[in-house]
Amino acid sequence: MAPAAEVPLTVPQESNKKPADSSEVDDVLENPTRSIDEYERVRKDRLHQTTITSSSFNLTLAPAAFGKIDLRAPTKGGADQINPGLLGIMLGYDLAVFRHAGIAMVGLEGGIYASTQNDPYSGLMFGFMSLRPNVRYEAAFLPKQWVVPTIGAGLELLRYAYTFQNAHVGGFKTMPRIDIGALFFLNILEPNSAADMDANWGIRKTYLAAYYSVSNDTSKRDFNMSENTWRVGFRFEH
């Protein structure tokens, strides 16, 4: 019997060509004849793209919103200043529009500033309604970056309606607001829970957020609601 003919071994050549689209990426990942370097490069590109945030949901609390503001208007003078102690509760959604050298996002946030204070106020549970379109930048460069500096800016549209000593107080305000803060990566504390959230809800990253928030009341009608305050919350990124 004649010996079997030897099959020449072909060594894949390196290629600097980058895939043009997703179908070509899939072809590179599935085709074993491609060079090892090209395969590894494409694999890392795919992994990088799937770990970059595409959108996020936010829950933000302002524990002492407008804490020093006198809300007695239009009644002035008389008794000492009475502040009802407003708590801000905000929900927001951000969409990534630029994901190189950090992440740039546009979004919308809305919620209420509420208080259970009654006499001499009434109607404060839903007395302040807020809506804010905003832009945000996250200095996120690593897949598992522990601390992510962030800055955001937006225009807060505020509607207020309540009574003070039976006198109606109501109107609208526009307030530019800037948030400067940091996001603290929580997945590393509970990796199993983080994996479950990813599998069940598509939430890849969870952060504890802390911001120093500055607003400027441009109208100053009835009262001036400009403030410097701290805000805290959670951020869930897809």
# chains A, B, ... in the order shown; residues from 1 in each chain; ligands from 1
$ residues_around --residues "Lys205 (chain A)" --least-positions-apart "3" --cutoff "9 Å" --atoms "only C-alpha atoms" --output "PyMOL selection string"
chain A and resi 51+53+144+185-187+194+197-198+235-238
$ write_last_selection --atoms "N, CA and C atoms" --output "compact mmCIF listing (two decimals), in the first residue's frame"
# COMPACT_ATOMS: atom_id res chain seq x y z
N THR A 51 -19.26 45.84 26.23
CA THR A 51 -19.15 46.30 27.62
C THR A 51 -19.31 47.80 27.75
N THR A 53 -21.37 51.20 27.72
CA THR A 53 -22.76 51.57 28.00
C THR A 53 -23.46 52.10 26.75
N LYS A 144 -14.20 47.71 33.95
CA LYS A 144 -14.56 47.59 35.36
C LYS A 144 -13.93 48.71 36.18
N PHE A 185 -18.65 51.96 41.17
CA PHE A 185 -19.00 50.67 40.57
C PHE A 185 -19.35 49.65 41.65
N LEU A 186 -20.58 49.11 41.61
CA LEU A 186 -21.05 48.21 42.65
C LEU A 186 -20.95 46.73 42.27
N ASN A 187 -20.75 46.43 40.99
CA ASN A 187 -20.72 45.02 40.56
C ASN A 187 -19.64 44.22 41.28
N ALA A 194 -24.82 40.82 40.35
CA ALA A 194 -24.62 41.59 39.12
C ALA A 194 -24.82 40.70 37.90
N MET A 197 -28.54 40.18 37.37
CA MET A 197 -29.19 41.37 36.79
C MET A 197 -28.89 41.47 35.30
N ASP A 198 -27.68 41.10 34.92
CA ASP A 198 -27.32 41.12 33.50
C ASP A 198 -28.13 40.09 32.72
N ARG A 235 -27.49 54.26 39.44
CA ARG A 235 -27.46 54.32 37.99
C ARG A 235 -27.33 52.90 37.45
N PHE A 236 -28.24 52.53 36.56
CA PHE A 236 -28.27 51.17 36.00
C PHE A 236 -27.99 51.27 34.51
N GLU A 237 -26.87 50.72 34.07
CA GLU A 237 -26.44 50.88 32.68
C GLU A 237 -26.61 49.60 31.88
N HIS A 238 -27.08 49.78 30.64
CA HIS A 238 -27.28 48.66 29.70
C HIS A 238 -26.10 48.62 28.73
$ residues_around --residues "region 61-73 of chain A" --least-positions-apart "2" --cutoff "8 Å" --atoms "only C-alpha atoms" --output "PyMOL selection string"
chain A and resi 59+75-76+81-83+85-90+113+164+169+222-227+229-233
$ select_by_dssp --residues "region 72-206 of chain A" --states "helix (DSSP H, G or I)" --output "list of chain:residue names"
A:Pro191, A:Asn192, A:Ser193, A:Ala194, A:Ala195, A:Asp196, A:Met197, A:Asp198, A:Ala199, A:Asn200, A:Trp201
$ write_last_selection --atoms "all heavy atoms" --output "compact mmCIF listing (two decimals), in the first residue's frame"
# COMPACT_ATOMS: atom_id res chain seq x y z
N PRO A 191 -20.72 40.26 42.74
CA PRO A 191 -20.64 39.80 41.33
C PRO A 191 -21.73 38.83 40.94
O PRO A 191 -22.19 38.83 39.79
CB PRO A 191 -19.25 39.15 41.27
CG PRO A 191 -18.88 38.85 42.68
CD PRO A 191 -19.53 39.91 43.52
N ASN A 192 -22.18 37.97 41.88
CA ASN A 192 -23.24 37.02 41.54
C ASN A 192 -24.56 37.73 41.27
O ASN A 192 -25.28 37.41 40.31
CB ASN A 192 -23.41 36.00 42.67
CG ASN A 192 -22.22 35.08 42.81
OD1 ASN A 192 -21.49 34.85 41.85
ND2 ASN A 192 -22.00 34.56 44.01
N SER A 193 -24.91 38.68 42.13
CA SER A 193 -26.13 39.47 41.90
C SER A 193 -26.02 40.29 40.62
O SER A 193 -27.01 40.43 39.88
CB SER A 193 -26.38 40.39 43.10
OG SER A 193 -26.57 39.65 44.28
N ALA A 194 -24.82 40.82 40.35
CA ALA A 194 -24.62 41.59 39.12
C ALA A 194 -24.82 40.70 37.90
O ALA A 194 -25.42 41.12 36.90
CB ALA A 194 -23.23 42.20 39.12
N ALA A 195 -24.33 39.46 37.96
CA ALA A 195 -24.52 38.53 36.84
C ALA A 195 -25.99 38.20 36.63
O ALA A 195 -26.46 38.08 35.49
CB ALA A 195 -23.71 37.26 37.09
N ASP A 196 -26.73 38.05 37.73
CA ASP A 196 -28.17 37.77 37.62
C ASP A 196 -28.91 38.95 36.99
O ASP A 196 -29.81 38.75 36.16
CB ASP A 196 -28.76 37.48 39.00
CG ASP A 196 -28.29 36.14 39.56
OD1 ASP A 196 -27.83 35.30 38.77
OD2 ASP A 196 -28.37 35.94 40.79
N MET A 197 -28.54 40.18 37.37
CA MET A 197 -29.19 41.37 36.79
C MET A 197 -28.89 41.47 35.30
O MET A 197 -29.75 41.88 34.52
CB MET A 197 -28.73 42.62 37.53
CG MET A 197 -29.20 42.71 38.97
SD MET A 197 -28.72 44.24 39.79
CE MET A 197 -29.73 45.44 38.93
N ASP A 198 -27.68 41.10 34.92
CA ASP A 198 -27.32 41.12 33.50
C ASP A 198 -28.13 40.09 32.72
O ASP A 198 -28.68 40.37 31.65
CB ASP A 198 -25.83 40.87 33.34
CG ASP A 198 -25.35 41.07 31.91
OD1 ASP A 198 -26.15 41.51 31.07
OD2 ASP A 198 -24.17 40.80 31.64
N ALA A 199 -28.23 38.87 33.28
CA ALA A 199 -28.94 37.80 32.59
C ALA A 199 -30.45 38.05 32.53
O ALA A 199 -31.09 37.78 31.51
CB ALA A 199 -28.67 36.47 33.29
N ASN A 200 -31.03 38.59 33.61
CA ASN A 200 -32.48 38.74 33.69
C ASN A 200 -32.99 40.07 33.13
O ASN A 200 -34.09 40.14 32.58
CB ASN A 200 -32.94 38.60 35.14
CG ASN A 200 -32.66 37.22 35.70
OD1 ASN A 200 -32.66 36.23 34.98
ND2 ASN A 200 -32.40 37.15 37.00
N TRP A 201 -32.21 41.13 33.30
CA TRP A 201 -32.69 42.47 32.95
C TRP A 201 -31.81 43.18 31.94
O TRP A 201 -32.16 44.28 31.50
CB TRP A 201 -32.80 43.33 34.21
CG TRP A 201 -33.62 42.71 35.29
CD1 TRP A 201 -33.18 42.03 36.39
CD2 TRP A 201 -35.05 42.67 35.36
NE1 TRP A 201 -34.22 41.58 37.15
CE2 TRP A 201 -35.40 41.96 36.54
CE3 TRP A 201 -36.08 43.16 34.55
CZ2 TRP A 201 -36.71 41.74 36.92
CZ3 TRP A 201 -37.38 42.94 34.93
CH2 TRP A 201 -37.70 42.24 36.09
$ residues_around --residues "region 119-126 of chain A" --least-positions-apart "5" --cutoff "7 Å" --atoms "only C-alpha atoms" --output "PyMOL selection string"
chain A and resi 112+114+162-165
$ closest_residue --among "A:Gln117, A:Arg99, A:Ala182, A:Phe57" --to "Phe141 (chain A)" --atoms "only C-alpha atoms"
A:Arg99
$ decode --residues "region 111-131 of chain A" --atoms "N, CA and C atoms" --output "CSV table (one decimal), in the first residue's frame"
chain,number,residue,atom,x,y,z
A,111,GLY,N,-39.5,64.3,37.8
A,111,GLY,CA,-39.9,63.9,39.1
A,111,GLY,C,-40.6,65.0,39.9
A,112,ILE,N,-40.5,64.8,41.2
A,112,ILE,CA,-41.2,65.7,42.1
A,112,ILE,C,-40.3,66.2,43.2
A,113,TYR,N,-40.6,67.3,43.8
A,113,TYR,CA,-40.1,67.8,45.1
A,113,TYR,C,-41.3,67.8,46.0
A,114,ALA,N,-41.3,66.9,47.0
A,114,ALA,CA,-42.5,66.7,47.8
A,114,ALA,C,-42.2,66.9,49.3
A,115,SER,N,-43.3,67.2,50.0
A,115,SER,CA,-43.2,67.4,51.4
A,115,SER,C,-44.6,67.0,52.1
A,116,THR,N,-44.5,66.5,53.3
A,116,THR,CA,-45.7,66.2,54.0
A,116,THR,C,-46.1,67.3,55.0
A,117,GLN,N,-45.4,68.4,54.9
A,117,GLN,CA,-45.7,69.6,55.8
A,117,GLN,C,-47.1,70.1,55.5
A,118,ASN,N,-47.8,70.3,56.5
A,118,ASN,CA,-49.2,70.9,56.4
A,118,ASN,C,-49.2,72.3,56.8
A,119,ASP,N,-49.9,72.6,57.9
A,119,ASP,CA,-50.1,74.0,58.4
A,119,ASP,C,-48.8,74.7,58.5
A,120,PRO,N,-48.5,75.8,58.0
A,120,PRO,CA,-49.5,76.7,57.2
A,120,PRO,C,-49.5,76.4,55.7
A,121,TYR,N,-48.9,75.3,55.3
A,121,TYR,CA,-48.9,74.9,53.8
A,121,TYR,C,-49.9,73.9,53.6
A,122,SER,N,-50.3,73.7,52.3
A,122,SER,CA,-51.1,72.6,51.9
A,122,SER,C,-50.8,72.4,50.4
A,123,GLY,N,-51.0,71.1,50.0
A,123,GLY,CA,-50.8,70.8,48.6
A,123,GLY,C,-49.3,70.6,48.2
A,124,LEU,N,-48.4,70.3,49.2
A,124,LEU,CA,-47.0,70.2,48.9
A,124,LEU,C,-46.6,68.8,48.4
A,125,MET,N,-47.4,67.8,48.6
A,125,MET,CA,-47.0,66.5,48.2
A,125,MET,C,-46.7,66.4,46.7
A,126,PHE,N,-47.5,67.1,45.9
A,126,PHE,CA,-47.2,67.2,44.4
A,126,PHE,C,-47.1,68.7,44.1
A,127,GLY,N,-46.5,69.5,45.0
A,127,GLY,CA,-46.5,70.9,44.7
A,127,GLY,C,-45.4,71.4,43.7
A,128,PHE,N,-44.4,70.6,43.6
A,128,PHE,CA,-43.3,70.9,42.7
A,128,PHE,C,-43.0,69.8,41.7
A,129,MET,N,-43.3,70.0,40.4
A,129,MET,CA,-43.1,69.0,39.4
A,129,MET,C,-41.9,69.5,38.5
A,130,SER,N,-41.0,68.5,38.2
A,130,SER,CA,-39.8,68.9,37.5
A,130,SER,C,-39.6,68.1,36.2
A,131,LEU,N,-39.1,68.7,35.2
A,131,LEU,CA,-38.7,68.0,34.0
A,131,LEU,C,-37.4,68.6,33.5
